[in-house]
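Undergrad: Before we start, here is the structure in question, set down as structure tokens.
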Amino acid sequence: MKKQFMVLGLGRFGSSLTRTLIENGHEVLAVDKNETLVQEISSIATHVVQADCTDKSVLQELGASNFSHAIVAIGEDLQASILATLLLKELNVPKVTAKAKNENHGSVLAKIGADQVVYPERDMATRLGNQLSSDNMIDSIELSPDYNLVEFKAPLSMHQQTLLELNIRANFGCTIIAIKTGNAINISPLAEDRVHSGDTLLLIGSNENIRNLESDYERNT
């Protein structure tokens, strides 16, 4: 379903987000006061406007209240980020996602009404750190501060064993929710389904349990 988004701030995060939303078939109104950034995105954005995102009258003229979701992607100017978020909520935008530079910034954004606060730099660094720390981890998504969803490359020690034989949940407290073999994906695999070396396992668990699982199989590989 096509959605309509408003993106405020066209730095690296905002412009990349705008491109992705458009590539996924959605309409985007992109706004930034920097003329250069506006020109750079003008060839792909559905609508792009050079304007001050911290001016309530400007946001009203742009019809901010008609959008179901607005993203405040303003980076370095914390005051502008906070003010834009506050104004969007005052204009009754149903959902406002705001980019935070650090925990303190994020805490303020949450307190003034941001429905979702994201930390692109921190989250990317965490994902990269997890990947670099493990030879078997392909990717990870943080579900909460304590739980991750990870793609895990099945080591040789798992080859030809069934999920029942591996007993990952009992041994490590993690749950395998899918197995990818080549281009084939087995969603909600059964206890008798077998794992082959090199398969991609999609599993969910606490950060500690995932680390224990990785450490155990690295020792036995």
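Just so we're on the same page: first chain in the structure tokens is A, next is B, and so on; residues restart at 1 for each chain, and ligands are numbered from 1 in the order they show up.
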Which polymer residues have any atom within 10 Å of an atom of Pro189 in chain A, counting only C-alpha atoms, with same-chain residues fewer than 6 positions away left out, as a list in words?
TA: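 The neighbour list is Leu163, Ile176, Ile177, Ala178 and Ile179 of chain A.
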Undergrad: Write down as a PyMOL selection string the residues of range 49-94 of chain A whose backbone DSSP state falls under helix (DSSP H, G or I).
TA: chain A and resi 56-61+64-66+78-90
Undergrad: Given the selection you just returned, output its residues as a file containing C-alpha atoms, formatted as a PDB file, in the first residue's frame.
TA:
```
ATOM      1  CA  LYS A  56       5.279  26.218  12.493  1.00  0.00           C
ATOM      2  CA  SER A  57       3.609  28.319   9.800  1.00  0.00           C
ATOM      3  CA  VAL A  58       5.810  26.662   7.162  1.00  0.00           C
ATOM      4  CA  LEU A  59       4.870  23.184   8.374  1.00  0.00           C
ATOM      5  CA  GLN A  60       1.215  24.181   8.300  1.00  0.00           C
ATOM      6  CA  GLU A  61       1.529  25.481   4.721  1.00  0.00           C
ATOM      7  CA  ALA A  64       2.169  18.436   7.789  1.00  0.00           C
ATOM      8  CA  SER A  65      -1.054  17.418   9.540  1.00  0.00           C
ATOM      9  CA  ASN A  66      -2.146  15.554   6.387  1.00  0.00           C
ATOM     10  CA  LEU A  78      19.794  19.406  18.254  1.00  0.00           C
ATOM     11  CA  GLN A  79      17.657  22.485  18.908  1.00  0.00           C
ATOM     12  CA  ALA A  80      16.142  22.283  15.412  1.00  0.00           C
ATOM     13  CA  SER A  81      15.539  18.550  15.826  1.00  0.00           C
ATOM     14  CA  ILE A  82      13.714  19.031  19.120  1.00  0.00           C
ATOM     15  CA  LEU A  83      11.668  21.994  17.916  1.00  0.00           C
ATOM     16  CA  ALA A  84      10.621  20.277  14.666  1.00  0.00           C
ATOM     17  CA  THR A  85       9.511  17.200  16.613  1.00  0.00           C
ATOM     18  CA  LEU A  86       7.517  19.312  19.050  1.00  0.00           C
ATOM     19  CA  LEU A  87       5.811  21.260  16.256  1.00  0.00           C
ATOM     20  CA  LEU A  88       4.838  18.109  14.372  1.00  0.00           C
ATOM     21  CA  LYS A  89       3.139  16.721  17.483  1.00  0.00           C
ATOM     22  CA  GLU A  90       1.395  20.058  18.061  1.00  0.00           C
TER      23      GLU A  90
END
```
Undergrad: Show me, as a PDB file with C-alpha atoms, in the first residue's frame, the residues that have an atom within 9 Å of Leu109 in chain A when counting only C-alpha atoms, minus same-chain residues fewer than 4 positions from it.
TA:
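Result written to around10.pdb:
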```pdb
ATOM      1  CA  SER A  81      15.539  18.550  15.826  1.00  0.00           C
ATOM      2  CA  ILE A  82      13.714  19.031  19.120  1.00  0.00           C
ATOM      3  CA  THR A  85       9.511  17.200  16.613  1.00  0.00           C
ATOM      4  CA  LEU A  86       7.517  19.312  19.050  1.00  0.00           C
ATOM      5  CA  ALA A  98      12.953  11.282  15.257  1.00  0.00           C
ATOM      6  CA  LYS A  99      16.650  10.653  14.781  1.00  0.00           C
ATOM      7  CA  ALA A 100      18.712  11.053  17.956  1.00  0.00           C
ATOM      8  CA  ASN A 104      20.259  12.483  26.163  1.00  0.00           C
ATOM      9  CA  HIS A 105      18.956  13.817  22.862  1.00  0.00           C
ATOM     10  CA  GLY A 113       6.160  13.281  22.161  1.00  0.00           C
ATOM     11  CA  ALA A 114       8.257  11.471  19.538  1.00  0.00           C
ATOM     12  CA  ASP A 115       6.518   8.151  18.882  1.00  0.00           C
ATOM     13  CA  GLN A 116       9.751   6.472  17.864  1.00  0.00           C
ATOM     14  CA  VAL A 117      13.359   7.480  18.473  1.00  0.00           C
TER      15      VAL A 117
END
```
Undergrad: Work out how far apart CA of Lys2 in chain A and CA of Lys33 in chain A are and give it in Å to one decimal.
TA: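 Separation between CA of Lys2 in chain A and CA of Lys33 in chain A: 26.7 Å.
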Undergrad: Counting only C-alpha atoms, figure out which residue out of A:Tyr217, A:Gly75, A:Arg12, A:Gln50 gets nearest to Val38 in chain A.
TA: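 Checking each of A:Tyr217, A:Gly75, A:Arg12, A:Gln50 against Val38 in chain A, counting only C-alpha atoms, the winner is A:Gln50.
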Undergrad: One decimal, Å: what's the distance from CA of Ala110 in chain A over to CA of Val7 in chain A, could you say?
TA: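 Between these atoms lies a distance of 18.1 Å.
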Undergrad: Find, counting only C-alpha atoms, the residue in A:Asn171, A:Thr181, A:Ser42, A:Ser144 that gets nearest to Ser206 in chain A.
TA: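 Nearest to Ser206 in chain A: A:Ser144.
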Undergrad: Check the smallest atom-to-atom distance from each of A:Glu121, A:Asp193, A:Asp77, A:Asp55 to Phe13 in chain A using only C-alpha atoms, then report the winner.
TA: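 Of A:Glu121, A:Asp193, A:Asp77, A:Asp55, the one nearest Phe13 in chain A, counting only C-alpha atoms, is A:Glu121.
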Undergrad: Given the choices A:Leu17, A:Val48, A:Ile141, A:Cys174, which gets closest to Ile210 in chain A if the distance is worked out from only C-alpha atoms?
TA: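 Of A:Leu17, A:Val48, A:Ile141, A:Cys174, the one nearest Ile210 in chain A, counting only C-alpha atoms, is A:Cys174.
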Undergrad: What gap, in Å, lies between CA of Val118 in chain A and CA of Ile22 in chain A?
TA: 20.0 Å
Undergrad: Based on DSSP run over this structure's backbone, return all residues of range 65-125 of chain A in strand (DSSP E or B), as a list in words.
TA: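 Matching residues for strand (DSSP E or B) in range 65-125 of chain A are His69, Ala70, Ile71, Val72, Lys95, Val96, Thr97, Ala98, Lys99, Gln116, Val117 and Val118 of chain A.
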Undergrad: Which residue gives the smallest distance to Ala154 in chain A among A:Gly14, A:Gly25, A:Pro94, A:Gly198, with only C-alpha atoms counted?
TA: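 For Ala154 in chain A, the nearest of the candidates is A:Gly198.
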Undergrad: For range 164-168 of chain A, please output as a PyMOL selection string all residues within 10 Å (counting only C-alpha atoms; exclusion window: fewer than 2 positions along the same chain).
TA: chain A and resi 157-158+160-162+170-176+190-195+203+213
Undergrad: Go ahead and save the picked residues with N, CA, C and O atoms, as an mmCIF file, in the first residue's frame.
TA:
```cif
data_model
loop_
_atom_site.group_PDB
_atom_site.id
_atom_site.type_symbol
_atom_site.label_atom_id
_atom_site.label_comp_id
_atom_site.auth_asym_id
_atom_site.auth_seq_id
_atom_site.Cartn_x
_atom_site.Cartn_y
_atom_site.Cartn_z
ATOM 1 N N SER A 157 29.730 -28.212 12.658
ATOM 2 C CA SER A 157 29.302 -29.047 13.784
ATOM 3 C C SER A 157 27.786 -29.219 13.850
ATOM 4 O O SER A 157 27.287 -30.089 14.563
ATOM 5 N N MET A 158 27.039 -28.418 13.098
ATOM 6 C CA MET A 158 25.575 -28.565 13.055
ATOM 7 C C MET A 158 25.117 -29.438 11.889
ATOM 8 O O MET A 158 23.938 -29.777 11.802
ATOM 9 N N GLN A 160 23.726 -31.797 9.242
ATOM 10 C CA GLN A 160 22.843 -32.963 9.188
ATOM 11 C C GLN A 160 22.131 -33.261 10.509
ATOM 12 O O GLN A 160 21.500 -34.311 10.652
ATOM 13 N N GLN A 161 22.184 -32.353 11.454
ATOM 14 C CA GLN A 161 21.449 -32.569 12.705
ATOM 15 C C GLN A 161 20.055 -31.951 12.599
ATOM 16 O O GLN A 161 19.856 -30.918 11.957
ATOM 17 N N THR A 162 19.101 -32.605 13.246
ATOM 18 C CA THR A 162 17.751 -32.047 13.283
ATOM 19 C C THR A 162 17.683 -30.968 14.371
ATOM 20 O O THR A 162 18.552 -30.905 15.250
ATOM 21 N N ALA A 170 16.562 -25.352 24.450
ATOM 22 C CA ALA A 170 16.865 -25.862 25.796
ATOM 23 C C ALA A 170 18.299 -25.567 26.200
ATOM 24 O O ALA A 170 18.573 -25.242 27.363
ATOM 25 N N ASN A 171 19.230 -25.677 25.244
ATOM 26 C CA ASN A 171 20.646 -25.515 25.566
ATOM 27 C C ASN A 171 21.081 -24.056 25.693
ATOM 28 O O ASN A 171 21.978 -23.742 26.479
ATOM 29 N N PHE A 172 20.458 -23.193 24.889
ATOM 30 C CA PHE A 172 20.933 -21.805 24.856
ATOM 31 C C PHE A 172 19.830 -20.756 25.051
ATOM 32 O O PHE A 172 20.118 -19.558 25.124
ATOM 33 N N GLY A 173 18.565 -21.172 25.110
ATOM 34 C CA GLY A 173 17.489 -20.208 25.290
ATOM 35 C C GLY A 173 17.184 -19.396 24.053
ATOM 36 O O GLY A 173 16.527 -18.348 24.140
ATOM 37 N N CYS A 174 17.628 -19.864 22.872
ATOM 38 C CA CYS A 174 17.362 -19.179 21.605
ATOM 39 C C CYS A 174 16.374 -20.003 20.777
ATOM 40 O O CYS A 174 16.313 -21.227 20.908
ATOM 41 N N THR A 175 15.630 -19.329 19.929
ATOM 42 C CA THR A 175 14.641 -20.011 19.093
ATOM 43 C C THR A 175 14.953 -19.794 17.623
ATOM 44 O O THR A 175 15.102 -18.645 17.179
ATOM 45 N N ILE A 176 15.063 -20.885 16.874
ATOM 46 C CA ILE A 176 15.266 -20.805 15.420
ATOM 47 C C ILE A 176 13.901 -20.650 14.770
ATOM 48 O O ILE A 176 13.033 -21.521 14.893
ATOM 49 N N LEU A 190 10.151 -27.458 11.578
ATOM 50 C CA LEU A 190 9.705 -28.474 12.534
ATOM 51 C C LEU A 190 10.903 -29.106 13.227
ATOM 52 O O LEU A 190 12.045 -28.992 12.774
ATOM 53 N N ALA A 191 10.629 -29.820 14.311
ATOM 54 C CA ALA A 191 11.693 -30.421 15.118
ATOM 55 C C ALA A 191 12.525 -31.416 14.318
ATOM 56 O O ALA A 191 13.721 -31.576 14.555
ATOM 57 N N GLU A 192 11.892 -32.084 13.319
ATOM 58 C CA GLU A 192 12.611 -33.102 12.537
ATOM 59 C C GLU A 192 13.361 -32.528 11.341
ATOM 60 O O GLU A 192 14.076 -33.262 10.647
ATOM 61 N N ASP A 193 13.221 -31.239 11.071
ATOM 62 C CA ASP A 193 13.937 -30.619 9.954
ATOM 63 C C ASP A 193 15.434 -30.554 10.258
ATOM 64 O O ASP A 193 15.839 -30.255 11.385
ATOM 65 N N ARG A 194 16.226 -30.810 9.218
ATOM 66 C CA ARG A 194 17.679 -30.878 9.401
ATOM 67 C C ARG A 194 18.368 -29.578 8.994
ATOM 68 O O ARG A 194 17.924 -28.874 8.093
ATOM 69 N N VAL A 195 19.463 -29.326 9.670
ATOM 70 C CA VAL A 195 20.319 -28.170 9.372
ATOM 71 C C VAL A 195 21.554 -28.663 8.647
ATOM 72 O O VAL A 195 22.107 -29.714 8.983
ATOM 73 N N LEU A 203 17.471 -16.644 14.034
ATOM 74 C CA LEU A 203 17.127 -17.003 15.400
ATOM 75 C C LEU A 203 16.960 -15.768 16.275
ATOM 76 O O LEU A 203 17.496 -14.700 15.995
ATOM 77 N N LEU A 213 25.741 -19.112 22.571
ATOM 78 C CA LEU A 213 25.584 -20.039 21.443
ATOM 79 C C LEU A 213 26.752 -19.904 20.474
ATOM 80 O O LEU A 213 27.348 -20.899 20.050
#
```
Undergrad: Find the residue from A:His69, A:Gln39, A:Asn92, A:Arg19 that sits nearest to Met6 in chain A; use only C-alpha atoms when measuring.
TA: A:His69
Undergrad: Name the residues in contact with Asn148 in chain A at a cut-off of 7 Å, using only C-alpha atoms, excluding same-chain residues fewer than 6 positions from it; report them as a PyMOL selection string.
TA: chain A and resi 140-142+204-207
Undergrad: Write the residues you've just listed into a file as a short mmCIF file (atom, residue, chain, number, x, y, z; two decimals), in the first residue's frame, and include N, CA and C atoms for each of them.
TA:
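Saved to part33.cif:
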```cif
data_model
loop_
_atom_site.label_atom_id
_atom_site.label_comp_id
_atom_site.auth_asym_id
_atom_site.auth_seq_id
_atom_site.Cartn_x
_atom_site.Cartn_y
_atom_site.Cartn_z
N SER A 140 22.37 -8.72 12.25
CA SER A 140 21.56 -8.73 13.46
C SER A 140 20.66 -7.51 13.48
N ILE A 141 19.51 -7.65 14.11
CA ILE A 141 18.56 -6.56 14.29
C ILE A 141 18.22 -6.49 15.77
N GLU A 142 18.42 -5.31 16.36
CA GLU A 142 18.12 -5.15 17.78
C GLU A 142 16.62 -4.98 17.97
N ILE A 204 16.21 -15.95 17.34
CA ILE A 204 15.90 -14.86 18.26
C ILE A 204 16.29 -15.29 19.66
N GLY A 205 16.84 -14.34 20.41
CA GLY A 205 17.23 -14.65 21.77
C GLY A 205 17.82 -13.44 22.47
N SER A 206 18.11 -13.58 23.73
CA SER A 206 18.75 -12.49 24.47
C SER A 206 20.18 -12.35 23.98
N ASN A 207 20.75 -11.19 24.16
CA ASN A 207 22.12 -10.95 23.72
C ASN A 207 23.09 -11.93 24.38
#
```
